[in-house]
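With mmCIF, C-alpha atoms and all ligand atoms inside, this is coords.cif:
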```cif
data_coords
loop_
_atom_site.group_PDB
_atom_site.id
_atom_site.type_symbol
_atom_site.label_atom_id
_atom_site.label_comp_id
_atom_site.auth_asym_id
_atom_site.auth_seq_id
_atom_site.Cartn_x
_atom_site.Cartn_y
_atom_site.Cartn_z
ATOM 1 C CA MET S 1 138.875 117.551 4.295
ATOM 2 C CA GLU S 2 139.593 113.806 4.484
ATOM 3 C CA ASN S 3 141.595 114.037 1.249
ATOM 4 C CA LYS S 4 143.664 116.879 2.674
ATOM 5 C CA ILE S 5 144.438 114.818 5.776
ATOM 6 C CA LYS S 6 145.287 111.823 3.590
ATOM 7 C CA GLU S 7 147.769 113.902 1.585
ATOM 8 C CA GLU S 8 149.387 115.226 4.746
ATOM 9 C CA VAL S 9 149.627 111.724 6.231
ATOM 10 C CA LEU S 10 151.336 110.397 3.110
ATOM 11 C CA LYS S 11 153.718 113.367 2.991
ATOM 12 C CA LEU S 12 154.688 113.148 6.684
ATOM 13 C CA LYS S 13 155.017 109.367 6.553
ATOM 14 C CA LYS S 14 157.646 109.763 3.836
ATOM 15 C CA GLU S 15 159.445 112.722 5.420
ATOM 16 C CA LYS S 16 159.677 111.062 8.835
ATOM 17 C CA ASP S 17 160.390 107.591 7.441
ATOM 18 C CA PHE S 18 157.444 105.908 9.157
ATOM 19 C CA VAL S 19 155.601 102.829 8.100
ATOM 20 C CA ILE S 20 151.840 102.537 8.619
ATOM 21 C CA ILE S 21 150.310 99.149 9.270
ATOM 22 C CA ALA S 22 146.539 98.647 9.323
ATOM 23 C CA HIS S 23 144.402 95.757 10.469
ATOM 24 C CA ASN S 24 141.714 94.436 8.096
ATOM 25 C CA TYR S 25 139.002 95.952 10.304
ATOM 26 C CA GLN S 26 140.240 99.545 10.001
ATOM 27 C CA ILE S 27 138.183 102.107 8.075
ATOM 28 C CA GLY S 28 138.828 102.323 4.331
ATOM 29 C CA ASP S 29 140.631 105.691 4.555
ATOM 30 C CA ILE S 30 143.213 104.186 6.909
ATOM 31 C CA GLN S 31 143.608 101.040 4.820
ATOM 32 C CA ASP S 32 144.302 103.394 1.866
ATOM 33 C CA VAL S 33 147.248 105.169 3.547
ATOM 34 C CA ALA S 34 148.720 101.984 5.028
ATOM 35 C CA ASP S 35 151.819 100.269 3.640
ATOM 36 C CA PHE S 36 150.482 96.897 4.757
ATOM 37 C CA VAL S 37 146.968 95.685 5.568
ATOM 38 C CA GLY S 38 146.370 92.285 7.134
ATOM 39 C CA ASP S 39 145.598 90.277 10.247
ATOM 40 C CA SER S 40 147.361 90.843 13.558
ATOM 41 C CA LEU S 41 150.056 88.186 13.439
ATOM 42 C CA GLU S 42 150.752 88.680 9.741
ATOM 43 C CA LEU S 43 151.326 92.391 10.404
ATOM 44 C CA SER S 44 153.531 91.779 13.444
ATOM 45 C CA ARG S 45 155.703 89.514 11.319
ATOM 46 C CA VAL S 46 155.837 92.078 8.507
ATOM 47 C CA ILE S 47 157.087 94.693 10.985
ATOM 48 C CA LYS S 48 159.915 92.390 12.044
ATOM 49 C CA ASP S 49 161.132 92.192 8.454
ATOM 50 C CA ILE S 50 160.992 95.856 7.470
ATOM 51 C CA ASP S 51 163.973 98.143 7.908
ATOM 52 C CA LYS S 52 162.076 101.105 9.361
ATOM 53 C CA LYS S 53 162.223 101.843 13.079
ATOM 54 C CA ASN S 54 159.036 103.858 13.496
ATOM 55 C CA VAL S 55 155.759 102.049 13.006
ATOM 56 C CA ILE S 56 152.193 103.247 13.410
ATOM 57 C CA PHE S 57 150.001 100.248 14.098
ATOM 58 C CA ALA S 58 146.374 101.062 13.306
ATOM 59 C CA GLY S 59 144.749 98.295 15.296
ATOM 60 C CA VAL S 60 144.051 97.467 18.931
ATOM 61 C CA ARG S 61 146.432 97.249 21.867
ATOM 62 C CA PHE S 62 147.154 93.502 21.891
ATOM 63 C CA MET S 63 148.213 93.738 18.233
ATOM 64 C CA ALA S 64 150.670 96.570 18.886
ATOM 65 C CA GLU S 65 151.949 94.620 21.905
ATOM 66 C CA THR S 66 152.464 91.495 19.794
ATOM 67 C CA ALA S 67 154.458 93.583 17.316
ATOM 68 C CA LYS S 68 156.581 94.966 20.171
ATOM 69 C CA ILE S 69 157.166 91.466 21.580
ATOM 70 C CA LEU S 70 158.537 90.367 18.207
ATOM 71 C CA SER S 71 160.413 93.609 17.445
ATOM 72 C CA PRO S 72 161.534 95.220 20.720
ATOM 73 C CA GLU S 73 163.981 97.509 18.924
ATOM 74 C CA LYS S 74 161.172 99.223 17.012
ATOM 75 C CA ASN S 75 159.060 102.162 18.071
ATOM 76 C CA ILE S 76 155.528 100.785 17.766
ATOM 77 C CA ILE S 77 152.906 103.499 18.106
ATOM 78 C CA LEU S 78 149.269 102.768 18.863
ATOM 79 C CA PRO S 79 147.501 105.877 17.506
ATOM 80 C CA VAL S 80 144.598 105.726 19.987
ATOM 81 C CA PRO S 81 145.773 104.409 23.369
ATOM 82 C CA THR S 82 142.241 103.452 24.473
ATOM 83 C CA ALA S 83 141.738 101.105 21.488
ATOM 84 C CA GLY S 84 141.649 97.794 23.337
ATOM 85 C CA CYS S 85 140.053 94.442 22.584
ATOM 86 C CA GLU S 86 137.088 93.472 24.723
ATOM 87 C CA MET S 87 137.808 89.780 24.264
ATOM 88 C CA ALA S 88 141.468 90.138 25.281
ATOM 89 C CA ASP S 89 140.389 92.178 28.296
ATOM 90 C CA MET S 90 137.982 89.433 29.449
ATOM 91 C CA VAL S 91 140.860 87.254 30.609
ATOM 92 C CA GLU S 92 141.442 87.349 34.345
ATOM 93 C CA LEU S 93 144.859 86.064 35.395
ATOM 94 C CA GLU S 94 143.471 84.498 38.557
ATOM 95 C CA LYS S 95 140.956 82.472 36.534
ATOM 96 C CA VAL S 96 143.685 81.227 34.191
ATOM 97 C CA LYS S 97 145.854 80.256 37.158
ATOM 98 C CA LYS S 98 142.880 78.406 38.693
ATOM 99 C CA LEU S 99 142.204 76.533 35.446
ATOM 100 C CA LYS S 100 145.866 75.517 35.338
ATOM 101 C CA GLU S 101 145.714 74.379 38.964
ATOM 102 C CA GLU S 102 142.594 72.305 38.308
ATOM 103 C CA ASN S 103 143.990 70.752 35.130
ATOM 104 C CA LYS S 104 147.607 70.006 35.946
ATOM 105 C CA ASN S 105 148.110 67.705 32.948
ATOM 106 C CA ALA S 106 146.850 70.256 30.444
ATOM 107 C CA LYS S 107 148.847 72.597 28.230
ATOM 108 C CA THR S 108 147.567 76.150 27.891
ATOM 109 C CA VAL S 109 146.999 77.552 24.412
ATOM 110 C CA CYS S 110 146.227 81.238 24.063
ATOM 111 C CA TYR S 111 144.756 82.967 21.062
ATOM 112 C CA VAL S 112 146.896 85.830 19.744
ATOM 113 C CA ASN S 113 144.029 88.103 20.911
ATOM 114 C CA THR S 114 145.428 88.247 24.440
ATOM 115 C CA THR S 115 147.585 90.717 26.347
ATOM 116 C CA ALA S 116 151.357 90.264 26.617
ATOM 117 C CA LEU S 117 150.886 89.323 30.262
ATOM 118 C CA VAL S 118 148.462 86.504 29.421
ATOM 119 C CA LYS S 119 150.727 85.243 26.632
ATOM 120 C CA SER S 120 153.560 85.162 29.151
ATOM 121 C CA ILE S 121 151.760 82.594 31.334
ATOM 122 C CA CYS S 122 150.635 80.318 28.478
ATOM 123 C CA ASP S 123 152.538 77.489 26.807
ATOM 124 C CA ILE S 124 151.887 78.353 23.203
ATOM 125 C CA CYS S 125 150.069 80.969 21.188
ATOM 126 C CA CYS S 126 147.777 80.427 18.174
ATOM 127 C CA THR S 127 145.777 82.345 15.608
ATOM 128 C CA SER S 128 142.337 81.490 14.259
ATOM 129 C CA ALA S 129 144.059 80.167 11.118
ATOM 130 C CA ASN S 130 146.382 77.746 12.913
ATOM 131 C CA ALA S 131 144.560 76.953 16.196
ATOM 132 C CA VAL S 132 143.772 73.353 15.183
ATOM 133 C CA LYS S 133 147.331 72.747 14.005
ATOM 134 C CA VAL S 134 148.780 74.192 17.221
ATOM 135 C CA VAL S 135 146.499 72.101 19.447
ATOM 136 C CA ASN S 136 147.198 68.917 17.471
ATOM 137 C CA SER S 137 150.942 69.554 17.634
ATOM 138 C CA LEU S 138 150.920 69.143 21.427
ATOM 139 C CA LYS S 139 151.403 65.706 22.928
ATOM 140 C CA GLU S 140 149.140 66.454 25.915
ATOM 141 C CA LYS S 141 145.569 65.168 25.649
ATOM 142 C CA GLU S 142 144.042 68.026 27.628
ATOM 143 C CA ILE S 143 144.202 71.627 26.450
ATOM 144 C CA ILE S 144 143.137 74.791 28.227
ATOM 145 C CA PHE S 145 142.109 77.119 25.429
ATOM 146 C CA LEU S 146 141.612 80.852 25.890
ATOM 147 C CA PRO S 147 139.960 83.245 25.647
ATOM 148 C CA ASP S 148 137.435 82.578 22.850
ATOM 149 C CA LYS S 149 134.810 79.901 23.568
ATOM 150 C CA ASN S 150 133.631 79.938 19.913
ATOM 151 C CA LEU S 151 137.087 79.380 18.465
ATOM 152 C CA ALA S 152 137.472 76.690 21.129
ATOM 153 C CA SER S 153 134.338 74.939 19.828
ATOM 154 C CA PHE S 154 135.748 75.048 16.292
ATOM 155 C CA VAL S 155 138.972 73.453 17.556
ATOM 156 C CA ARG S 156 137.040 70.867 19.586
ATOM 157 C CA ARG S 157 135.313 69.629 16.431
ATOM 158 C CA SER S 158 138.675 69.155 14.728
ATOM 159 C CA THR S 159 140.626 67.294 17.387
ATOM 160 C CA ASP S 160 140.267 64.298 19.675
ATOM 161 C CA LYS S 161 141.806 66.207 22.583
ATOM 162 C CA LYS S 162 139.806 67.460 25.531
ATOM 163 C CA ILE S 163 139.373 71.212 25.136
ATOM 164 C CA ILE S 164 138.827 73.125 28.355
ATOM 165 C CA ALA S 165 137.553 76.490 27.153
ATOM 166 C CA TYR S 166 137.743 79.850 28.859
ATOM 167 C CA GLU S 167 134.339 81.555 28.620
ATOM 168 C CA GLY S 168 135.451 84.587 26.610
ATOM 169 C CA PHE S 169 134.080 85.858 23.323
ATOM 170 C CA CYS S 170 134.326 88.648 20.788
ATOM 171 C CA TYR S 171 131.164 90.750 21.094
ATOM 172 C CA VAL S 172 131.339 91.611 17.376
ATOM 173 C CA HIS S 173 131.327 88.019 16.111
ATOM 174 C CA ASN S 174 129.313 86.554 18.970
ATOM 175 C CA GLN S 175 126.317 88.691 17.945
ATOM 176 C CA PHE S 176 125.831 86.786 14.663
ATOM 177 C CA ASN S 177 122.846 84.458 14.890
ATOM 178 C CA ILE S 178 120.800 81.965 12.893
ATOM 179 C CA LEU S 179 118.365 84.680 11.808
ATOM 180 C CA ASP S 180 121.229 86.665 10.259
ATOM 181 C CA VAL S 181 122.168 83.574 8.264
ATOM 182 C CA LYS S 182 118.559 82.988 7.150
ATOM 183 C CA ARG S 183 118.107 86.611 6.045
ATOM 184 C CA ALA S 184 121.443 86.761 4.224
ATOM 185 C CA ARG S 185 120.827 83.424 2.473
ATOM 186 C CA GLU S 186 117.429 84.672 1.277
ATOM 187 C CA LYS S 187 118.846 87.989 0.099
ATOM 188 C CA TYR S 188 121.951 86.554 -1.595
ATOM 189 C CA PRO S 189 120.995 82.974 -2.531
ATOM 190 C CA LYS S 190 123.974 82.472 -4.854
ATOM 191 C CA ALA S 191 126.614 83.742 -2.437
ATOM 192 C CA THR S 192 129.100 81.603 -0.499
ATOM 193 C CA LEU S 193 128.853 82.248 3.243
ATOM 194 C CA MET S 194 132.297 82.717 4.799
ATOM 195 C CA ILE S 195 132.233 82.804 8.591
ATOM 196 C CA HIS S 196 134.926 83.611 11.130
ATOM 197 C CA PRO S 197 135.440 80.972 13.869
ATOM 198 C CA GLU S 198 134.816 83.643 16.519
ATOM 199 C CA ALA S 199 131.112 83.395 15.516
ATOM 200 C CA PRO S 200 128.844 81.136 17.638
ATOM 201 C CA GLU S 201 129.011 77.427 16.906
ATOM 202 C CA ASP S 202 125.452 77.163 15.492
ATOM 203 C CA VAL S 203 126.293 79.911 12.986
ATOM 204 C CA GLN S 204 129.597 78.241 12.088
ATOM 205 C CA LEU S 205 127.711 75.031 11.340
ATOM 206 C CA LEU S 206 125.359 76.813 8.926
ATOM 207 C CA SER S 207 128.155 78.435 6.917
ATOM 208 C CA ASP S 208 129.816 77.192 3.730
ATOM 209 C CA VAL S 209 133.359 77.830 4.926
ATOM 210 C CA ILE S 210 134.908 78.733 8.281
ATOM 211 C CA LEU S 211 137.863 81.037 7.740
ATOM 212 C CA SER S 212 140.205 83.380 9.563
ATOM 213 C CA THR S 213 140.460 86.884 8.086
ATOM 214 C CA GLY S 214 143.645 85.741 6.322
ATOM 215 C CA GLY S 215 141.666 82.809 4.905
ATOM 216 C CA MET S 216 138.908 85.169 3.747
ATOM 217 C CA VAL S 217 141.487 87.216 1.855
ATOM 218 C CA LYS S 218 142.674 84.129 -0.077
ATOM 219 C CA TYR S 219 139.438 82.184 -0.537
ATOM 220 C CA PRO S 220 137.664 84.355 -3.180
ATOM 221 C CA LYS S 221 140.716 84.053 -5.439
ATOM 222 C CA GLU S 222 140.405 80.267 -5.528
ATOM 223 C CA SER S 223 136.608 80.155 -5.589
ATOM 224 C CA LYS S 224 134.642 79.957 -8.843
ATOM 225 C CA ASN S 225 131.825 81.860 -7.186
ATOM 226 C CA ASN S 226 131.813 85.636 -7.464
ATOM 227 C CA GLN S 227 129.448 86.456 -4.597
ATOM 228 C CA PHE S 228 130.258 86.125 -0.908
ATOM 229 C CA ILE S 229 128.524 86.787 2.386
ATOM 230 C CA VAL S 230 131.149 87.959 4.844
ATOM 231 C CA GLY S 231 130.686 86.859 8.455
ATOM 232 C CA THR S 232 133.178 89.073 10.233
ATOM 233 C CA GLU S 233 133.742 92.738 11.095
ATOM 234 C CA GLU S 234 132.485 94.966 8.301
ATOM 235 C CA GLY S 235 135.893 96.601 7.591
ATOM 236 C CA MET S 236 136.807 93.331 5.907
ATOM 237 C CA ILE S 237 134.342 94.063 3.101
ATOM 238 C CA TYR S 238 136.283 97.178 2.067
ATOM 239 C CA ARG S 239 139.490 95.131 1.922
ATOM 240 C CA LEU S 240 137.906 92.296 -0.079
ATOM 241 C CA GLN S 241 136.115 94.602 -2.514
ATOM 242 C CA LYS S 242 139.385 96.436 -3.170
ATOM 243 C CA LEU S 243 141.251 93.149 -3.722
ATOM 244 C CA TYR S 244 138.561 91.615 -5.935
ATOM 245 C CA PRO S 245 136.731 94.423 -7.770
ATOM 246 C CA ASP S 246 135.000 91.904 -10.074
ATOM 247 C CA LYS S 247 133.450 89.956 -7.192
ATOM 248 C CA LYS S 248 130.722 91.026 -4.795
ATOM 249 C CA PHE S 249 130.851 90.973 -0.991
ATOM 250 C CA PHE S 250 127.857 91.369 1.304
ATOM 251 C CA PRO S 251 127.733 91.696 5.087
ATOM 252 C CA LEU S 252 126.211 88.809 7.025
ATOM 253 C CA ARG S 253 124.417 91.388 9.137
ATOM 254 C CA GLY S 254 123.256 94.677 7.623
ATOM 255 C CA LYS S 255 121.618 96.247 10.676
ATOM 256 C CA PRO S 256 123.063 96.787 13.160
ATOM 257 C CA LYS S 257 126.359 96.398 11.361
ATOM 258 C CA ALA S 258 129.043 94.123 12.793
ATOM 259 C CA ILE S 259 131.419 96.831 13.935
ATOM 260 C CA CYS S 260 134.257 96.691 16.428
ATOM 261 C CA ASN S 261 134.011 99.995 18.274
ATOM 262 C CA ASN S 262 137.617 99.834 19.386
ATOM 263 C CA MET S 263 138.936 99.299 15.870
ATOM 264 C CA LYS S 264 136.794 102.197 14.690
ATOM 265 C CA LYS S 265 138.121 104.567 17.355
ATOM 266 C CA ILE S 266 141.061 105.323 15.066
ATOM 267 C CA THR S 267 140.563 108.072 12.499
ATOM 268 C CA LEU S 268 142.853 109.506 9.838
ATOM 269 C CA LYS S 269 143.345 112.517 12.097
ATOM 270 C CA ASP S 270 144.694 110.230 14.834
ATOM 271 C CA ILE S 271 147.216 108.834 12.366
ATOM 272 C CA LEU S 272 148.252 112.368 11.460
ATOM 273 C CA LEU S 273 148.648 113.371 15.110
ATOM 274 C CA ALA S 274 150.727 110.265 15.808
ATOM 275 C CA LEU S 275 152.968 111.108 12.841
ATOM 276 C CA ARG S 276 153.407 114.648 14.144
ATOM 277 C CA GLY S 277 154.347 113.279 17.572
ATOM 278 C CA GLU S 278 151.222 114.902 19.047
ATOM 279 C CA GLY S 279 149.238 111.754 19.791
ATOM 280 C CA GLY S 280 149.331 108.004 20.230
ATOM 281 C CA GLU S 281 151.343 105.867 22.619
ATOM 282 C CA SER S 282 154.680 104.220 22.074
ATOM 283 C CA ILE S 283 154.113 100.655 23.273
ATOM 284 C CA PHE S 284 156.207 99.317 26.133
ATOM 285 C CA VAL S 285 156.298 95.695 27.285
ATOM 286 C CA GLU S 286 158.291 94.907 30.400
ATOM 287 C CA GLU S 287 161.297 92.761 29.363
ATOM 288 C CA SER S 288 160.689 89.724 31.595
ATOM 289 C CA ILE S 289 157.064 89.536 30.353
ATOM 290 C CA ARG S 290 158.150 90.120 26.760
ATOM 291 C CA LEU S 291 160.628 87.233 26.842
ATOM 292 C CA LYS S 292 158.061 84.781 28.212
ATOM 293 C CA ALA S 293 155.370 85.969 25.777
ATOM 294 C CA LEU S 294 157.894 85.718 22.937
ATOM 295 C CA LYS S 295 158.467 82.061 23.790
ATOM 296 C CA SER S 296 154.766 81.263 23.346
ATOM 297 C CA ILE S 297 154.688 83.069 19.996
ATOM 298 C CA GLU S 298 157.940 81.482 18.788
ATOM 299 C CA LYS S 299 156.674 78.008 19.668
ATOM 300 C CA MET S 300 153.704 78.641 17.406
ATOM 301 C CA ILE S 301 155.878 79.978 14.581
ATOM 302 C CA GLU S 302 158.110 76.854 14.808
ATOM 303 C CA ILE S 303 155.230 74.557 13.896
ATOM 304 C CA LEU S 304 153.843 76.640 11.003
HETATM 305 S S1 LIG W 401 136.724 92.433 16.538
HETATM 306 FE FE1 LIG W 401 136.516 91.345 18.493
HETATM 307 S S2 LIG W 401 138.438 90.237 18.742
HETATM 308 FE FE2 LIG W 401 138.783 91.807 17.173
HETATM 309 S S3 LIG W 401 139.555 93.584 18.317
HETATM 310 FE FE3 LIG W 401 137.331 93.846 18.170
HETATM 311 S S4 LIG W 401 136.559 92.911 20.096
HETATM 312 FE FE4 LIG W 401 138.652 92.183 19.823
#
```

Would you mind writing the file's structure down as structure tokens?
Ligand code: SF4
Amino acid sequence: MENKIKEEVLKLKKEKDFVIIAHNYQIGDIQDVADFVGDSLELSRVIKDIDKKNVIFAGVRFMAETAKILSPEKNIILPVPTAGCEMADMVELEKVKKLKEENKNAKTVCYVNTTALVKSICDICCTSANAVKVVNSLKEKEIIFLPDKNLASFVRRSTDKKIIAYEGFCYVHNQFNILDVKRAREKYPKATLMIHPEAPEDVQLLSDVILSTGGMVKYPKESKNNQFIVGTEEGMIYRLQKLYPDKKFFPLRGKPKAICNNMKKITLKDILLALRGEGGESIFVEESIRLKALKSIEKMIEIL
């Protein structure tokens, strides 16, 4: 059945001149039919450079919004409209405004995992790969950082600026704990532990390397080791195993698995329905919000 749907997806994608983009955390079947697989910002930038108008973005809402902010002329379709990001949704505008009021000398840095509206009220955007660089590029000594408190702690250790963190977190990464590390180290003693900076600080400190998903894609290529414990959402293991068939990748947590329920809402059937025009949502970002959010993304891109 799945194979039949896959064939139909590939056929329709070609006939209707669509491009399919999938985040690293999507299920393997969706990664297989995608033209590009990667992290959210990488994919949004890819979309900007491709000559196709219709894009299915298999990811969560803030990612499709970021793509729309960068490419307003494109039709960006989120196959499952309810696929949100719990961390992005933790940000309350009133709380951000209050933080800004209380810290008038601070600049506000927002993680790309935020809504368009939140990006529009921040000074500059960042990803987990460039957060330290973005923060250090600012002349201000005080930085309001949102929404992820764990990424904020990673940045705090790498800068002499005062980091005022919003108390948000990703429930998928925040569940990793010291016991997971102990168990995985015992089970795979030769493996290198790669951890995402959205994991709690104590877990970050016990890892061998702290990497964004983009960093995790590159690291095994340069490493002499051929075994890795992967401290991020489990979809990443499918991607890594496909990229490096001669190396081995193990989840940091076996049970319960580290799964993002929103990412996993999307099935191959949803992609098919979106291609047929029978499902999904074409993303809209109000122009005044888009322009302000674009500024915060462009400022980040300028310093890369
Ligand atoms: S893994 Fe975490 S940060 Fe990523 S979409 Fe899911 S809830 Fe959001």

**Message:** Given the point (137.0, 78.0, 15.8) in the coordinates of this file, which residues lie within 9 Å, counting all atoms listed in the file, and how would they look as a PyMOL selection string?
**Reply:** chain S and resi 128-129+131-132+148-157+196-201+204+210-212

Selection to disk with C-alpha atoms, as a tab-separated table (two decimals), keeping the file's coordinate frame:
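Here's the written file selection39.tsv:
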```
chain	number	residue	atom	x	y	z
S	128	SER	CA	142.34	81.49	14.26
S	129	ALA	CA	144.06	80.17	11.12
S	131	ALA	CA	144.56	76.95	16.20
S	132	VAL	CA	143.77	73.35	15.18
S	148	ASP	CA	137.44	82.58	22.85
S	149	LYS	CA	134.81	79.90	23.57
S	150	ASN	CA	133.63	79.94	19.91
S	151	LEU	CA	137.09	79.38	18.46
S	152	ALA	CA	137.47	76.69	21.13
S	153	SER	CA	134.34	74.94	19.83
S	154	PHE	CA	135.75	75.05	16.29
S	155	VAL	CA	138.97	73.45	17.56
S	156	ARG	CA	137.04	70.87	19.59
S	157	ARG	CA	135.31	69.63	16.43
S	196	HIS	CA	134.93	83.61	11.13
S	197	PRO	CA	135.44	80.97	13.87
S	198	GLU	CA	134.82	83.64	16.52
S	199	ALA	CA	131.11	83.40	15.52
S	200	PRO	CA	128.84	81.14	17.64
S	201	GLU	CA	129.01	77.43	16.91
S	204	GLN	CA	129.60	78.24	12.09
S	210	ILE	CA	134.91	78.73	8.28
S	211	LEU	CA	137.86	81.04	7.74
S	212	SER	CA	140.21	83.38	9.56
```

**Item:** Spatial neighbours of Val172 (chain S), 7 Å, only C-alpha atoms, chain gap at least 4 places, as a PyMOL selection string
**Value:** chain S and resi 233+258-260

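For the choices S:Lys141, S:Arg276, S:Lys97, S:His173, the atom-to-atom distance to Phe18 (chain S) is smallest for S:Arg276 when using all atoms listed in the file.
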
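Between CA of Ala191 (chain S) and CA of Ile229 (chain S) lies a distance of 6.0 Å.
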
Counting only C-alpha atoms, which residues have an atom no more than 9 Å from (148.5, 88.7, 23.5) in the file's coordinates? Please list them as an mmCIF file with C-alpha atoms, in the frame of the given file.
```cif
data_model
loop_
_atom_site.group_PDB
_atom_site.id
_atom_site.type_symbol
_atom_site.label_atom_id
_atom_site.label_comp_id
_atom_site.auth_asym_id
_atom_site.auth_seq_id
_atom_site.Cartn_x
_atom_site.Cartn_y
_atom_site.Cartn_z
ATOM 1 C CA ARG S 61 146.432 97.249 21.867
ATOM 2 C CA PHE S 62 147.154 93.502 21.891
ATOM 3 C CA MET S 63 148.213 93.738 18.233
ATOM 4 C CA GLU S 65 151.949 94.620 21.905
ATOM 5 C CA THR S 66 152.464 91.495 19.794
ATOM 6 C CA ALA S 88 141.468 90.138 25.281
ATOM 7 C CA CYS S 110 146.227 81.238 24.063
ATOM 8 C CA TYR S 111 144.756 82.967 21.062
ATOM 9 C CA VAL S 112 146.896 85.830 19.744
ATOM 10 C CA ASN S 113 144.029 88.103 20.911
ATOM 11 C CA THR S 114 145.428 88.247 24.440
ATOM 12 C CA THR S 115 147.585 90.717 26.347
ATOM 13 C CA ALA S 116 151.357 90.264 26.617
ATOM 14 C CA LEU S 117 150.886 89.323 30.262
ATOM 15 C CA VAL S 118 148.462 86.504 29.421
ATOM 16 C CA LYS S 119 150.727 85.243 26.632
ATOM 17 C CA SER S 120 153.560 85.162 29.151
ATOM 18 C CA CYS S 125 150.069 80.969 21.188
ATOM 19 C CA ALA S 293 155.370 85.969 25.777
#
```

**Request:** Might you pull out every residue within 12 Å of region 187-189 of chain S, with all atoms listed in the file counted and same-chain residues fewer than 5 positions away left off, and present them as a ChimeraX atom specification?
**Result:** /S:180-182,225-230,248-254

**Asked** If we count all atoms listed in the file, what is near Tyr25 (chain S) at a cut-off of 12 Å, once residues fewer than 4 positions away on the same chain are taken out, given as a PyMOL selection string?
**Response** chain S and resi 21+29-31+37-40+58-60+172+213-214+232-240+258-266

**Request:** Excluding Glu142 (chain S) and any residue of its chain fewer than 4 positions from it, enumerate the residues within 12 Å of it, using all atoms listed in the file, and give them as a ChimeraX atom specification.
**Result:** /S:99-100,102-109,135-136,138,156,159-165

Please produce an output containing C-alpha atoms for each residue in the selection, written as an mmCIF file, in the frame of the given file.
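And here is the file that came out, part-v7.cif:
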```cif
data_model
loop_
_atom_site.group_PDB
_atom_site.id
_atom_site.type_symbol
_atom_site.label_atom_id
_atom_site.label_comp_id
_atom_site.auth_asym_id
_atom_site.auth_seq_id
_atom_site.Cartn_x
_atom_site.Cartn_y
_atom_site.Cartn_z
ATOM 1 C CA LEU S 99 142.204 76.533 35.446
ATOM 2 C CA LYS S 100 145.866 75.517 35.338
ATOM 3 C CA GLU S 102 142.594 72.305 38.308
ATOM 4 C CA ASN S 103 143.990 70.752 35.130
ATOM 5 C CA LYS S 104 147.607 70.006 35.946
ATOM 6 C CA ASN S 105 148.110 67.705 32.948
ATOM 7 C CA ALA S 106 146.850 70.256 30.444
ATOM 8 C CA LYS S 107 148.847 72.597 28.230
ATOM 9 C CA THR S 108 147.567 76.150 27.891
ATOM 10 C CA VAL S 109 146.999 77.552 24.412
ATOM 11 C CA VAL S 135 146.499 72.101 19.447
ATOM 12 C CA ASN S 136 147.198 68.917 17.471
ATOM 13 C CA LEU S 138 150.920 69.143 21.427
ATOM 14 C CA ARG S 156 137.040 70.867 19.586
ATOM 15 C CA THR S 159 140.626 67.294 17.387
ATOM 16 C CA ASP S 160 140.267 64.298 19.675
ATOM 17 C CA LYS S 161 141.806 66.207 22.583
ATOM 18 C CA LYS S 162 139.806 67.460 25.531
ATOM 19 C CA ILE S 163 139.373 71.212 25.136
ATOM 20 C CA ILE S 164 138.827 73.125 28.355
ATOM 21 C CA ALA S 165 137.553 76.490 27.153
#
```

Please provide the set of residues having any atom within 8 Å of region 68-77 of chain S, restricted to only C-alpha atoms, with same-chain residues fewer than 5 positions apart removed, written as an mmCIF file with C-alpha atoms, in the frame of the given file.
```cif
data_model
loop_
_atom_site.group_PDB
_atom_site.id
_atom_site.type_symbol
_atom_site.label_atom_id
_atom_site.label_comp_id
_atom_site.auth_asym_id
_atom_site.auth_seq_id
_atom_site.Cartn_x
_atom_site.Cartn_y
_atom_site.Cartn_z
ATOM 1 C CA SER S 44 153.531 91.779 13.444
ATOM 2 C CA ARG S 45 155.703 89.514 11.319
ATOM 3 C CA ILE S 47 157.087 94.693 10.985
ATOM 4 C CA LYS S 48 159.915 92.390 12.044
ATOM 5 C CA LYS S 52 162.076 101.105 9.361
ATOM 6 C CA LYS S 53 162.223 101.843 13.079
ATOM 7 C CA ASN S 54 159.036 103.858 13.496
ATOM 8 C CA VAL S 55 155.759 102.049 13.006
ATOM 9 C CA ILE S 56 152.193 103.247 13.410
ATOM 10 C CA PHE S 57 150.001 100.248 14.098
ATOM 11 C CA ALA S 116 151.357 90.264 26.617
ATOM 12 C CA ALA S 274 150.727 110.265 15.808
ATOM 13 C CA GLY S 280 149.331 108.004 20.230
ATOM 14 C CA GLU S 281 151.343 105.867 22.619
ATOM 15 C CA SER S 282 154.680 104.220 22.074
ATOM 16 C CA ILE S 283 154.113 100.655 23.273
ATOM 17 C CA PHE S 284 156.207 99.317 26.133
ATOM 18 C CA VAL S 285 156.298 95.695 27.285
ATOM 19 C CA ARG S 290 158.150 90.120 26.760
ATOM 20 C CA LEU S 291 160.628 87.233 26.842
ATOM 21 C CA ALA S 293 155.370 85.969 25.777
ATOM 22 C CA LEU S 294 157.894 85.718 22.937
#
```

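A straight line drawn from CA of Glu298 (chain S) to CA of Tyr171 (chain S) is 28.4 Å long.
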
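When all atoms listed in the file are used to measure the gap to ligand LIG 401 (chain W), the shortest distance among S:Lys224, S:Lys292, S:His23, S:Lys98 belongs to S:His23.
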
**Item:** Distance of CA of Leu273 (chain S) from CA of Glu15 (chain S), expressed in Å to one decimal place
**Value:** 14.5 Å

**Item:** Using all atoms listed in the file: which of S:Pro220, S:Gly168, S:Gly84, S:Pro147 has the shortest distance to ligand LIG 401 (chain W)
**Value:** S:Gly84

Where's the centre, and what are the edge lengths in Å to one decimal, of a box along x, y and z enclosing all listed atoms of region 38-45 of chain S padded 4 Å per side, as AutoDock Vina command-line options?
```
--center_x 150.7 --center_y 90.3 --center_z 10.3 --size_x 18.1 --size_y 12.2 --size_z 14.4
```
